[in-house]
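Participant: Just so it is clear, I am handing over target-v2.txt, which has compact mmCIF, C-alpha atoms and all ligand atoms.
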```
# COMPACT_ATOMS: atom_id res chain seq x y z
CA MET A 1 4.06 24.32 -1.92
CA THR A 2 0.30 24.52 -1.80
CA SER A 3 -0.81 22.87 -5.06
CA LYS A 4 -3.50 20.21 -4.81
CA ASN A 5 -2.49 18.74 -8.16
CA PRO A 6 -0.67 15.40 -8.01
CA GLU A 7 1.59 16.24 -10.99
CA THR A 8 2.96 19.25 -9.06
CA ILE A 9 3.02 17.66 -5.60
CA VAL A 10 5.25 14.77 -6.72
CA LEU A 11 7.87 17.23 -7.97
CA HIS A 12 7.79 19.88 -5.26
CA ALA A 13 6.29 18.80 -1.91
CA GLY A 14 8.73 18.54 0.98
CA HIS A 15 11.87 19.80 -0.77
CA ARG A 16 12.85 22.88 -2.75
CA LYS A 17 16.59 22.83 -2.37
CA ASP A 18 19.08 21.37 0.07
CA ALA A 19 19.64 23.73 3.00
CA ALA A 20 23.41 23.17 3.04
CA THR A 21 24.27 23.02 -0.69
CA ASN A 22 21.27 24.35 -2.66
CA ALA A 23 21.14 20.99 -4.48
CA VAL A 24 17.80 20.62 -6.24
CA ALA A 25 17.79 16.83 -6.54
CA VAL A 26 17.14 15.42 -3.06
CA PRO A 27 20.54 14.42 -1.59
CA ILE A 28 21.06 10.89 -0.30
CA TYR A 29 21.89 11.44 3.37
CA GLN A 30 23.80 8.20 3.76
CA THR A 31 24.56 8.58 7.44
CA THR A 32 23.66 6.54 10.49
CA SER A 33 23.71 9.39 12.99
CA TYR A 34 23.71 13.15 13.53
CA GLN A 35 25.97 15.29 15.72
CA PHE A 36 24.11 16.86 18.64
CA ASP A 37 24.61 20.61 19.15
CA SER A 38 24.96 20.20 22.93
CA SER A 39 24.03 17.84 25.72
CA GLU A 40 20.85 19.84 26.23
CA HIS A 41 19.98 19.47 22.54
CA ALA A 42 20.56 15.70 22.75
CA ALA A 43 18.40 15.38 25.86
CA ASN A 44 15.61 17.42 24.28
CA LEU A 45 15.61 15.29 21.15
CA PHE A 46 15.37 12.06 23.12
CA ALA A 47 12.61 13.50 25.32
CA LEU A 48 10.67 14.61 22.20
CA LYS A 49 10.77 18.20 23.53
CA GLU A 50 12.42 19.18 20.28
CA PHE A 51 12.23 17.41 16.91
CA GLY A 52 15.38 16.64 14.94
CA ASN A 53 17.56 13.86 13.64
CA ILE A 54 18.99 11.32 16.07
CA TYR A 55 19.64 8.04 14.26
CA THR A 56 18.69 6.81 10.77
CA ARG A 57 16.77 3.77 12.05
CA ILE A 58 14.20 6.28 13.31
CA MET A 59 14.49 9.23 10.90
CA ASN A 60 16.55 10.40 7.93
CA PRO A 61 16.34 13.60 5.82
CA THR A 62 16.11 11.72 2.49
CA CYS A 63 13.35 9.46 3.83
CA ASP A 64 11.71 12.60 5.26
CA VAL A 65 11.24 14.10 1.78
CA LEU A 66 9.62 10.90 0.52
CA GLU A 67 7.38 10.86 3.60
CA GLN A 68 6.32 14.47 3.14
CA ARG A 69 5.72 14.00 -0.58
CA LEU A 70 3.57 10.88 -0.18
CA ALA A 71 1.61 12.43 2.72
CA ALA A 72 0.93 15.46 0.50
CA LEU A 73 -0.03 13.33 -2.50
CA GLU A 74 -2.55 11.37 -0.45
CA GLY A 75 -3.83 14.34 1.53
CA GLY A 76 -2.59 12.88 4.83
CA ALA A 77 -1.07 14.53 7.91
CA ALA A 78 2.30 12.72 8.00
CA ALA A 79 3.96 9.51 6.86
CA LEU A 80 6.56 6.93 7.85
CA ALA A 81 8.82 5.21 5.31
CA VAL A 82 9.67 1.60 6.13
CA SER A 83 11.69 -1.23 4.63
CA SER A 84 8.94 -2.96 2.60
CA GLY A 85 5.23 -3.03 1.92
CA GLN A 86 4.97 -6.02 4.23
CA ALA A 87 6.61 -4.03 7.03
CA ALA A 88 4.08 -1.25 6.41
CA SER A 89 1.11 -3.66 6.71
CA MET A 90 2.53 -5.28 9.81
CA MET A 91 3.38 -2.04 11.61
CA ALA A 92 0.12 -0.34 10.62
CA VAL A 93 -1.75 -3.03 12.55
CA GLN A 94 0.75 -3.59 15.39
CA ASN A 95 0.66 0.13 16.17
CA ILE A 96 -2.89 -0.21 17.54
CA ALA A 97 -3.42 -3.95 18.13
CA HIS A 98 -1.72 -6.33 20.52
CA ALA A 99 -2.27 -9.88 21.81
CA GLY A 100 -5.96 -10.46 22.55
CA ASP A 101 -7.13 -7.89 19.98
CA ASN A 102 -8.54 -8.48 16.51
CA ILE A 103 -8.85 -6.75 13.17
CA VAL A 104 -11.39 -7.36 10.38
CA SER A 105 -9.80 -7.70 6.95
CA SER A 106 -11.15 -8.05 3.44
CA THR A 107 -10.56 -11.50 1.96
CA ASP A 108 -9.22 -9.87 -1.24
CA LEU A 109 -5.58 -9.56 -0.30
CA TYR A 110 -2.08 -9.91 -1.71
CA GLY A 111 -0.90 -13.46 -0.84
CA GLY A 112 1.88 -12.17 1.44
CA THR A 113 -0.55 -10.10 3.46
CA TRP A 114 -2.93 -13.06 3.65
CA ASN A 115 -0.16 -15.15 5.18
CA LEU A 116 0.86 -12.38 7.57
CA PHE A 117 -2.73 -12.05 8.76
CA ALA A 118 -3.83 -15.70 8.77
CA ASN A 119 -0.64 -17.23 10.13
CA THR A 120 1.97 -14.86 11.58
CA PHE A 121 -0.43 -12.55 13.42
CA SER A 122 -2.11 -15.51 15.10
CA THR A 123 1.26 -16.51 16.61
CA MET A 124 1.32 -13.05 18.19
CA GLY A 125 -2.21 -13.38 19.54
CA ILE A 126 -3.73 -10.91 17.06
CA GLU A 127 -6.79 -12.47 15.47
CA VAL A 128 -7.72 -11.56 11.90
CA ARG A 129 -11.36 -12.02 10.93
CA PHE A 130 -11.97 -12.14 7.20
CA ALA A 131 -14.93 -10.28 5.72
CA ASP A 132 -16.46 -10.38 2.24
CA PRO A 133 -15.76 -7.02 0.52
CA ALA A 134 -18.84 -7.49 -1.68
CA ASP A 135 -20.90 -7.10 1.51
CA PRO A 136 -19.72 -4.07 3.54
CA GLU A 137 -22.07 -4.98 6.38
CA SER A 138 -20.03 -8.16 6.95
CA PHE A 139 -17.39 -5.88 8.54
CA ARG A 140 -19.92 -4.65 11.08
CA LYS A 141 -21.02 -8.20 11.90
CA LEU A 142 -17.45 -9.27 12.73
CA THR A 143 -16.71 -6.23 14.93
CA ASP A 144 -16.59 -6.43 18.71
CA ASP A 145 -15.02 -4.32 21.45
CA LYS A 146 -11.58 -5.82 20.75
CA THR A 147 -11.63 -4.84 17.07
CA ARG A 148 -8.87 -2.32 16.45
CA ALA A 149 -9.00 -1.80 12.67
CA TYR A 150 -10.50 -2.72 9.33
CA TYR A 151 -8.05 -3.56 6.54
CA ALA A 152 -8.40 -3.77 2.75
CA GLU A 153 -6.69 -3.16 -0.61
CA THR A 154 -8.06 -0.50 -2.96
CA LEU A 155 -7.54 -2.48 -6.18
CA PRO A 156 -6.80 -6.05 -5.08
CA ASN A 157 -5.53 -8.57 -7.55
CA PRO A 158 -6.43 -11.11 -8.83
CA LYS A 159 -10.12 -10.12 -8.62
CA LEU A 160 -9.49 -6.44 -9.46
CA GLU A 161 -12.77 -5.52 -7.76
CA VAL A 162 -12.37 -2.12 -6.17
CA PHE A 163 -13.01 -2.10 -2.41
CA PRO A 164 -16.09 -0.24 -1.07
CA ILE A 165 -13.95 2.28 0.80
CA ARG A 166 -16.63 4.80 1.74
CA GLU A 167 -19.16 2.14 2.73
CA VAL A 168 -16.78 0.31 5.11
CA ALA A 169 -15.14 3.51 6.40
CA ASN A 170 -18.58 4.81 7.37
CA ILE A 171 -19.37 1.65 9.34
CA GLY A 172 -15.98 1.96 11.04
CA ARG A 173 -16.51 5.58 11.95
CA GLU A 174 -19.90 4.74 13.43
CA LEU A 175 -18.31 2.00 15.60
CA GLY A 176 -15.01 3.78 16.27
CA VAL A 177 -12.86 1.53 14.05
CA PRO A 178 -10.30 3.06 11.62
CA LEU A 179 -10.02 1.72 8.07
CA ILE A 180 -6.46 0.92 6.92
CA MET A 181 -6.14 0.87 3.12
CA ASP A 182 -3.35 -0.73 1.09
CA ASN A 183 -3.35 1.62 -1.90
CA THR A 184 -0.36 -0.04 -3.62
CA ALA A 185 -1.98 -0.63 -7.02
CA ALA A 186 -3.92 2.63 -7.10
CA HIS A 187 -1.61 5.45 -5.96
CA GLY A 188 -2.28 8.38 -8.27
CA LEU A 189 -5.75 7.04 -9.14
CA CYS A 190 -7.50 6.78 -5.78
CA LYS A 191 -7.20 8.88 -2.63
CA PRO A 192 -8.60 6.70 0.17
CA PHE A 193 -8.62 9.53 2.75
CA GLU A 194 -11.16 11.42 0.63
CA HIS A 195 -13.49 8.44 1.11
CA GLY A 196 -13.09 8.13 4.87
CA ALA A 197 -10.07 5.81 5.30
CA ALA A 198 -7.90 6.67 8.31
CA ILE A 199 -4.53 5.10 7.45
CA ILE A 200 -2.75 4.04 4.25
CA ALA A 201 -0.22 1.17 4.36
CA SER A 202 1.30 0.57 0.92
CA SER A 203 4.24 -0.91 -0.88
CA CYS A 204 6.54 1.63 -2.57
CA THR A 205 8.11 -1.27 -4.46
CA LYS A 206 5.45 -1.20 -7.20
CA TYR A 207 4.04 1.90 -8.91
CA ILE A 208 5.56 4.49 -6.56
CA GLY A 209 9.09 3.35 -7.43
CA GLY A 210 7.92 2.27 -10.86
CA HIS A 211 11.19 0.87 -12.12
CA GLY A 212 11.48 -2.46 -10.32
CA ASN A 213 14.70 -1.62 -8.49
CA SER A 214 13.96 -1.08 -4.77
CA ILE A 215 11.87 -2.57 -1.95
CA GLY A 216 10.11 -0.20 0.43
CA GLY A 217 6.86 0.68 2.13
CA ILE A 218 4.97 3.66 3.46
CA ILE A 219 2.44 4.24 6.23
CA ILE A 220 0.44 7.45 5.92
CA ASP A 221 -1.65 8.89 8.74
CA GLY A 222 -4.79 10.58 7.41
CA GLY A 223 -4.88 12.71 10.58
CA ASN A 224 -8.67 12.34 10.35
CA PHE A 225 -9.46 9.76 13.03
CA ASP A 226 -10.34 10.83 16.56
CA TRP A 227 -8.39 8.31 18.66
CA GLU A 228 -9.24 10.15 21.88
CA ALA A 229 -12.98 9.78 21.26
CA HIS A 230 -12.50 6.01 21.49
CA LYS A 231 -10.20 5.74 24.51
CA ASP A 232 -11.22 2.20 25.44
CA ARG A 233 -10.65 0.88 21.93
CA PHE A 234 -7.19 2.41 21.61
CA PRO A 235 -5.37 2.05 24.93
CA MET A 236 -2.05 2.01 23.06
CA LEU A 237 -2.60 5.63 22.06
CA ASN A 238 -4.56 6.84 25.09
CA THR A 239 -2.84 5.37 28.14
CA PRO A 240 0.71 5.90 29.42
CA ASP A 241 3.33 4.13 27.30
CA PRO A 242 5.90 2.57 29.67
CA SER A 243 8.44 2.44 26.84
CA TYR A 244 8.47 6.26 26.64
CA HIS A 245 8.38 7.52 30.25
CA GLY A 246 4.61 7.10 30.37
CA ALA A 247 3.84 9.30 27.34
CA VAL A 248 0.17 9.31 26.35
CA TRP A 249 0.54 9.67 22.60
CA THR A 250 -2.72 11.48 21.86
CA GLU A 251 -1.70 14.15 24.39
CA ALA A 252 2.08 14.20 24.00
CA VAL A 253 2.13 15.12 20.32
CA LYS A 254 -0.96 17.34 20.20
CA PRO A 255 1.07 20.52 19.49
CA LEU A 256 2.32 18.87 16.27
CA GLY A 257 -1.18 18.23 14.90
CA PRO A 258 -3.26 15.06 14.50
CA VAL A 259 -0.23 12.77 14.20
CA ALA A 260 -0.34 10.63 17.37
CA TYR A 261 -0.65 7.39 15.39
CA ILE A 262 2.27 7.96 13.06
CA ILE A 263 4.63 9.45 15.67
CA LYS A 264 4.01 6.49 17.94
CA ALA A 265 4.78 4.11 15.04
CA ARG A 266 8.07 5.90 14.43
CA VAL A 267 9.34 6.38 17.95
CA THR A 268 8.27 3.02 19.40
CA LEU A 269 7.78 0.37 16.66
CA LEU A 270 10.53 1.56 14.34
CA ARG A 271 12.82 2.13 17.31
CA ASP A 272 12.16 -1.37 18.67
CA CYS A 273 11.67 -3.51 15.55
CA GLY A 274 13.89 -1.59 13.14
CA GLN A 275 12.22 -1.96 9.72
CA ALA A 276 13.76 1.30 8.46
CA MET A 277 13.93 2.32 4.80
CA SER A 278 17.46 2.94 3.53
CA PRO A 279 18.15 6.52 2.38
CA PHE A 280 19.29 5.17 -0.98
CA ASN A 281 15.95 3.44 -1.53
CA ALA A 282 14.12 6.62 -0.47
CA PHE A 283 16.09 8.46 -3.18
CA MET A 284 15.04 5.86 -5.76
CA PHE A 285 11.39 6.18 -4.71
CA ILE A 286 11.57 9.98 -4.85
CA ASN A 287 12.80 9.70 -8.44
CA GLY A 288 10.11 7.21 -9.34
CA LEU A 289 7.38 9.22 -7.67
CA GLU A 290 8.16 12.25 -9.90
CA THR A 291 6.50 10.50 -12.86
CA LEU A 292 3.80 8.50 -11.00
CA PRO A 293 0.80 10.47 -12.36
CA LEU A 294 2.11 10.26 -15.92
CA ARG A 295 2.94 6.59 -15.65
CA MET A 296 -0.41 5.66 -14.11
CA GLU A 297 -2.16 7.35 -17.01
CA ARG A 298 -0.22 5.34 -19.60
CA HIS A 299 -0.33 2.07 -17.60
CA SER A 300 -4.12 2.51 -17.49
CA GLN A 301 -4.45 3.29 -21.22
CA ASN A 302 -2.36 0.27 -22.19
CA ALA A 303 -4.20 -2.03 -19.77
CA ASP A 304 -7.58 -0.91 -21.16
CA LYS A 305 -6.39 -1.88 -24.64
CA VAL A 306 -5.03 -5.23 -23.44
CA ALA A 307 -8.32 -6.02 -21.68
CA ALA A 308 -10.30 -5.17 -24.80
CA TYR A 309 -7.99 -7.37 -26.89
CA LEU A 310 -8.20 -10.38 -24.53
CA ASP A 311 -11.95 -10.10 -24.07
CA GLY A 312 -13.46 -12.50 -26.58
CA HIS A 313 -10.09 -13.96 -27.72
CA ALA A 314 -10.60 -17.60 -28.71
CA LYS A 315 -7.88 -18.86 -26.31
CA VAL A 316 -9.15 -16.82 -23.35
CA THR A 317 -12.09 -18.03 -21.29
CA ARG A 318 -12.42 -14.94 -19.05
CA THR A 319 -10.87 -11.50 -18.80
CA ILE A 320 -10.80 -9.62 -15.50
CA HIS A 321 -10.48 -5.85 -15.66
CA PRO A 322 -12.61 -3.03 -14.20
CA SER A 323 -13.49 -1.78 -17.71
CA LEU A 324 -15.24 -5.10 -18.40
CA MET A 325 -17.16 -5.26 -15.11
CA GLN A 326 -20.80 -4.44 -14.67
CA GLY A 327 -23.17 -3.66 -11.81
CA GLU A 328 -21.84 -2.82 -8.36
CA ALA A 329 -18.21 -3.76 -9.17
CA ARG A 330 -18.18 -1.30 -12.07
CA ARG A 331 -19.88 1.39 -10.01
CA ARG A 332 -17.17 1.10 -7.37
CA ALA A 333 -14.40 1.19 -9.96
CA ASP A 334 -15.84 4.38 -11.42
CA ALA A 335 -16.52 5.93 -8.01
CA TYR A 336 -13.07 5.31 -6.54
CA LEU A 337 -10.61 5.27 -9.46
CA LYS A 338 -10.12 8.56 -11.24
CA GLY A 339 -8.14 8.93 -14.45
CA GLY A 340 -7.84 5.23 -15.23
CA TYR A 341 -8.34 1.68 -13.99
CA GLY A 342 -4.66 0.98 -13.31
CA GLY A 343 -2.18 -1.33 -14.99
CA LEU A 344 -3.36 -4.78 -13.89
CA VAL A 345 -5.28 -7.22 -16.08
CA GLY A 346 -6.21 -10.81 -15.24
CA PHE A 347 -7.37 -13.55 -17.56
CA GLU A 348 -7.97 -17.26 -17.69
CA VAL A 349 -6.25 -19.16 -20.43
CA ALA A 350 -8.16 -22.04 -22.00
CA GLY A 351 -6.49 -25.27 -20.86
CA GLY A 352 -6.28 -24.59 -17.11
CA ILE A 353 -3.00 -24.96 -15.28
CA ASP A 354 -1.12 -26.35 -18.32
CA GLY A 355 -2.48 -23.64 -20.61
CA GLY A 356 -1.39 -21.01 -18.07
CA ARG A 357 2.12 -22.42 -17.86
CA ARG A 358 2.46 -22.76 -21.66
CA PHE A 359 1.40 -19.15 -22.11
CA ILE A 360 3.94 -17.90 -19.56
CA ASP A 361 6.76 -19.96 -21.08
CA ALA A 362 5.99 -18.61 -24.58
CA LEU A 363 6.20 -14.92 -23.66
CA LYS A 364 9.13 -13.10 -25.29
CA MET A 365 8.88 -9.47 -24.19
CA PHE A 366 6.80 -9.69 -20.99
CA TYR A 367 8.97 -10.64 -18.02
CA HIS A 368 7.88 -13.62 -15.97
CA LEU A 369 8.42 -12.51 -12.40
CA ALA A 370 6.76 -11.87 -9.05
CA ASN A 371 6.13 -8.15 -9.09
CA ILE A 372 3.72 -5.51 -10.34
CA GLY A 373 4.07 -1.84 -11.18
CA ASP A 374 7.32 -1.96 -13.15
CA SER A 375 7.58 0.20 -16.30
CA ARG A 376 8.17 -3.07 -18.15
CA SER A 377 5.30 -5.48 -18.80
CA LEU A 378 5.19 -8.41 -16.38
CA ALA A 379 3.25 -11.67 -16.17
CA ILE A 380 2.80 -14.38 -13.58
CA HIS A 381 0.76 -17.53 -13.01
CA PRO A 382 -0.34 -17.10 -9.35
CA ALA A 383 -1.56 -20.69 -8.74
CA SER A 384 1.97 -22.03 -9.19
CA THR A 385 3.84 -19.05 -7.64
CA THR A 386 2.59 -16.14 -5.43
CA HIS A 387 -0.47 -18.01 -4.17
CA SER A 388 1.03 -21.51 -4.09
CA GLN A 389 1.40 -21.44 -0.28
CA LEU A 390 -2.36 -21.02 0.08
CA ASN A 391 -4.52 -24.15 -0.02
CA SER A 392 -6.99 -24.43 -2.92
CA GLU A 393 -9.89 -23.14 -0.81
CA GLU A 394 -7.87 -20.09 0.18
CA GLN A 395 -6.72 -19.60 -3.43
CA LEU A 396 -10.33 -19.54 -4.62
CA ALA A 397 -11.32 -17.16 -1.80
CA THR A 398 -8.71 -14.68 -3.08
CA GLY A 399 -9.84 -15.24 -6.71
CA VAL A 400 -7.04 -17.45 -8.04
CA THR A 401 -8.12 -20.24 -10.39
CA ASP A 402 -5.82 -22.79 -12.11
CA GLY A 403 -5.59 -21.02 -15.47
CA TYR A 404 -5.46 -17.49 -14.10
CA VAL A 405 -2.66 -15.27 -15.43
CA ARG A 406 -1.94 -11.82 -14.00
CA LEU A 407 -0.51 -9.16 -16.24
CA SER A 408 1.07 -5.93 -15.03
CA VAL A 409 0.85 -3.98 -18.24
CA GLY A 410 3.87 -1.76 -18.76
CA LEU A 411 4.77 1.34 -20.70
CA GLU A 412 6.06 -0.26 -23.92
CA HIS A 413 4.30 0.62 -27.20
CA ILE A 414 0.86 -1.01 -27.19
CA ASP A 415 1.53 -2.71 -30.55
CA ASP A 416 4.49 -4.57 -29.04
CA ILE A 417 2.52 -5.53 -25.93
CA LEU A 418 -0.35 -6.95 -27.98
CA ALA A 419 2.03 -8.73 -30.40
CA ASP A 420 3.73 -10.58 -27.52
CA LEU A 421 0.39 -11.64 -26.06
CA GLU A 422 -0.80 -12.80 -29.48
CA GLN A 423 2.20 -14.98 -30.18
CA ALA A 424 2.17 -16.48 -26.64
CA LEU A 425 -1.55 -17.27 -26.79
CA ALA A 426 -0.94 -19.01 -30.13
CA GLU A 427 1.38 -21.42 -28.25
CA THR A 428 -1.17 -22.47 -25.61
N1 LIG B 501 0.58 -4.95 -0.91
C1 LIG B 501 0.36 -5.34 -2.18
C2 LIG B 501 -0.96 -5.03 -2.82
C3 LIG B 501 1.36 -6.01 -2.89
O1 LIG B 501 1.12 -6.39 -4.16
C4 LIG B 501 2.58 -6.29 -2.24
C5 LIG B 501 3.65 -7.03 -2.93
O2 LIG B 501 3.45 -7.60 -3.99
C6 LIG B 501 2.76 -5.88 -0.94
C7 LIG B 501 1.76 -5.20 -0.30
C8 LIG B 501 4.04 -6.12 -0.20
O3 LIG B 501 5.00 -5.21 -0.66
P1 LIG B 501 6.57 -5.47 -0.57
O4 LIG B 501 6.89 -6.49 -1.60
O5 LIG B 501 7.16 -4.11 -0.83
O6 LIG B 501 6.85 -5.97 0.81
```
The structure given in the file should be rewritten as structure tokens.
Ligand code: PLP

Facilitator:
Amino acid sequence: MTSKNPETIVLHAGHRKDAATNAVAVPIYQTTSYQFDSSEHAANLFALKEFGNIYTRIMNPTCDVLEQRLAALEGGAAALAVSSGQAASMMAVQNIAHAGDNIVSSTDLYGGTWNLFANTFSTMGIEVRFADPADPESFRKLTDDKTRAYYAETLPNPKLEVFPIREVANIGRELGVPLIMDNTAAHGLCKPFEHGAAIIASSCTKYIGGHGNSIGGIIIDGGNFDWEAHKDRFPMLNTPDPSYHGAVWTEAVKPLGPVAYIIKARVTLLRDCGQAMSPFNAFMFINGLETLPLRMERHSQNADKVAAYLDGHAKVTRTIHPSLMQGEARRRADAYLKGGYGGLVGFEVAGGIDGGRRFIDALKMFYHLANIGDSRSLAIHPASTTHSQLNSEEQLATGVTDGYVRLSVGLEHIDDILADLEQALAET
């Protein structure tokens, strides 16, 4: 399957028919383990002399199709499916950073990732330095010889200001630091590897699945970062790994291509920490992924119309959407998002925190819940929910104000979406 077109890749990459049954839909291989052909076969698999299935915590044929499909969609070398987007973020960093190391992250982050970085990583001795994404050079200023990665989200909410991927990736490549991108809100619209990112760590729970029914995550290796050229910065990939008979990952997997990073994540982190995706969830994501390009197009069209409607509404003090931005923020949106600005819209309701709550309580069709990327329209008031564990300074740093409401605009008819917003705004 050689197409470069996303619409074709999501239907065909990584699976044509099942080898055993000719089934066209990807079978759910709901098994923990796989019979070895012989003791020699078993020994070869464990020694990585031969690749094949051993145990579903580490690999599974259903997950494998999802991994191949998402790697193909993003133009990466290989991928690893994991149990959640949070697991993907955590493992993407842990795979190259340990106690005493640091990463430099954009301040514009999902609240869960902010907590992981600001609080949990510090208990493990990994320091996270926060940089202002409006100023790419701030990443350079925070870099030292212990910096193992840069980290950012392509289309972070609530600010919805697209990250300067190329600008920061270029600084990283100059200094030998890979850029990890969370592309959760922009799969199908932005391809971070084309702009110099090295790794993608995303949630499948949102637009990839698209139907609000499964939690999962994906790490994709761009296969475009020369880990060996920066031996001192990446000892975990360039020096003998005692947990695998002294394997040096950049050398051990060379015959398989530029996949040292992702193989190490699978055979050490997933083996040891166990955040595996279930085959059933992989099946759900494969189904969702089939319509991702179509859905992103319609999500984007509907969100554009919602933003235009809210902009200038008497009960709305500010609307946040790339289509309404100007200057550098708009340039980045147009440079990095192709085919639409995505399904997220933010706005501030007149009346602050009470106005925000009244609006949410008055919604009839929009669901009030903590998710994005569902086919249904969703709304949330971050200050009292997703971002409530952040102090007010941290909330403001990530762009959350008291009256801010986040919409994940769904695939319903636009007339019904606008009618629900209209009647709820009338109640504020
Ligand atoms: N990244 C982003 C941008 C998110 O919005 C989320 C969840 O909302 C995550 C990561 C974490 O994903 P998950 O809920 O699958 O762990």

Participant: One decimal, in Å: what's the spacing between atom CA of A:Thr31 and atom CA of A:His12?

Facilitator: 23.9 Å

Participant: Neighbours of ligand LIG 501 (chain B) within 7 Å, counting only C-alpha atoms and all ligand atoms, as a list of chain:residue names?

Facilitator: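 For ligand LIG 501 (chain B), the residues inside 7 Å are A:Ser84, A:Gly85, A:Gln86, A:Ala87, A:Leu109, A:Tyr110, A:Gly112, A:Thr113, A:Glu153, A:Pro156, A:Asp182, A:Thr184, A:Ala185, A:Ser202, A:Ser203, A:Cys204, A:Thr205, A:Ile215, A:Gly216, A:Gly217, A:Asn371, A:Ile372.
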
Participant: Please compute the atom CA of A:Asn238-atom CA of A:Ala260 distance, one decimal, in Å.

Facilitator: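 Interatomic distance here is 9.6 Å.
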
Participant: Which of these, A:Ala247, A:Leu369, A:Ala134, A:Met90, has the shortest distance to A:Gly212 once you count all atoms listed in the file?

Facilitator: A:Leu369

Participant: Give me, as a PDB file with C-alpha atoms, in the coordinates of the input, all polymer residues having an atom no more than 12 Å from A:Asp416, counting only C-alpha atoms and skipping those fewer than 6 positions away in the same chain.

Facilitator:
```pdb
ATOM      1  CA  ASN A 302      -2.360   0.270 -22.190  1.00  0.00           C
ATOM      2  CA  VAL A 306      -5.030  -5.230 -23.440  1.00  0.00           C
ATOM      3  CA  LEU A 363       6.200 -14.920 -23.660  1.00  0.00           C
ATOM      4  CA  LYS A 364       9.130 -13.100 -25.290  1.00  0.00           C
ATOM      5  CA  MET A 365       8.880  -9.470 -24.190  1.00  0.00           C
ATOM      6  CA  PHE A 366       6.800  -9.690 -20.990  1.00  0.00           C
ATOM      7  CA  ARG A 376       8.170  -3.070 -18.150  1.00  0.00           C
ATOM      8  CA  SER A 377       5.300  -5.480 -18.800  1.00  0.00           C
ATOM      9  CA  VAL A 409       0.850  -3.980 -18.240  1.00  0.00           C
ATOM     10  CA  GLY A 410       3.870  -1.760 -18.760  1.00  0.00           C
ATOM     11  CA  GLU A 422      -0.800 -12.800 -29.480  1.00  0.00           C
ATOM     12  CA  GLN A 423       2.200 -14.980 -30.180  1.00  0.00           C
TER      13      GLN A 423
END
```

Participant: Give me the residues within 12 Å of A:Ser83 as a PyMOL selection string, counting all atoms listed in the file and dropping any in the same chain fewer than 6 places off.

Facilitator: chain A and resi 57-58+63+89-91+202-205+214-219+270+273-282+285

Participant: How many Å separate atom CA of A:Pro258 from atom CA of A:Leu73?

Facilitator: 17.4 Å

Participant: For a quick check of understanding, using only C-alpha atoms, which of A:Val316, A:Ile262, A:Ala229, A:Val26 has the smallest distance to A:Leu425?

Facilitator: A:Val316

Participant: Contacts of A:Leu292 at 7 Å or less, counting all atoms listed in the file, minus same-chain residues fewer than 2 places along, as a ChimeraX atom specification?

Facilitator: /A:188,207-208,288-290,294-296

Participant: Write a file of the just-selected residues containing C-alpha atoms, as a short mmCIF file (atom, residue, chain, number, x, y, z; two decimals), keeping the file's coordinate frame.

Facilitator:
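As a result, out_38.cif now contains:
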```cif
data_model
loop_
_atom_site.label_atom_id
_atom_site.label_comp_id
_atom_site.auth_asym_id
_atom_site.auth_seq_id
_atom_site.Cartn_x
_atom_site.Cartn_y
_atom_site.Cartn_z
CA GLY A 188 -2.28 8.38 -8.27
CA TYR A 207 4.04 1.90 -8.91
CA ILE A 208 5.56 4.49 -6.56
CA GLY A 288 10.11 7.21 -9.34
CA LEU A 289 7.38 9.22 -7.67
CA GLU A 290 8.16 12.25 -9.90
CA LEU A 294 2.11 10.26 -15.92
CA ARG A 295 2.94 6.59 -15.65
CA MET A 296 -0.41 5.66 -14.11
#
```

Participant: Find, counting all atoms listed in the file, the residue in A:Gly346, A:Gly223, A:Pro158, A:Gly327 that gets nearest to A:Leu310.

Facilitator: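 Among the listed residues, A:Gly346 lies closest to A:Leu310.
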
Participant: From the options A:Gly246, A:Gln395, A:Leu160, A:Phe117, which residue's atoms come nearest to A:Leu344, counting only C-alpha atoms?

Facilitator: A:Leu160

Participant: Find the residues near stretch 125-133 of chain A: any atom within 6 Å, counting only C-alpha atoms, skip ones fewer than 6 places away on the same chain, and give them as a VMD selection string.

Facilitator: chain A and resid 99 to 107 117 139

Participant: Find the residue from A:Pro178, A:Gly222, A:Gly52, A:Gly14 that sits nearest to A:Ala77; use only C-alpha atoms when measuring.

Facilitator: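 Between A:Pro178, A:Gly222, A:Gly52, A:Gly14, the residue approaching A:Ala77 most closely is A:Gly222.
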
Participant: Of the residues A:Asp144, A:Asp334, A:Asp64, A:Glu40, which is the one nearest to A:Glu161, using all atoms listed in the file?

Facilitator: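 Using all atoms listed in the file, the shortest distance to A:Glu161 belongs to A:Asp334.
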
Participant: For A:Arg332, please output as a list in words all residues within 12 Å (counting only C-alpha atoms; exclusion window: fewer than 2 positions along the same chain).

Facilitator: Pro133, Ala134, Thr154, Leu155, Leu160, Glu161, Val162, Phe163, Pro164, Ile165, Arg166, Glu167, Cys190, His195, Pro322, Ser323, Met325, Gln326, Gly327, Glu328, Ala329, Arg330, Asp334, Ala335, Tyr336, Leu337, Lys338 and Tyr341 of chain A

Participant: Find the nearest atom pair between each residue of stretch 38-91 of chain A and stretch 254-257 of chain A for residues within 12 Å, count only C-alpha atoms, give distances in Å to one decimal, sort rows by chain and ascending number, and present the table as a Markdown table.

Facilitator:
```
| residue | atom | partner | partner_atom | distance |
| --- | --- | --- | --- | --- |
| A:Leu48 | CA | A:Leu256 | CA | 11.1 |
| A:Lys49 | CA | A:Pro255 | CA | 10.8 |
| A:Glu50 | CA | A:Leu256 | CA | 10.9 |
| A:Phe51 | CA | A:Leu256 | CA | 10.0 |
| A:Gly76 | CA | A:Gly257 | CA | 11.5 |
| A:Ala77 | CA | A:Gly257 | CA | 7.9 |
| A:Ala78 | CA | A:Gly257 | CA | 9.5 |
```
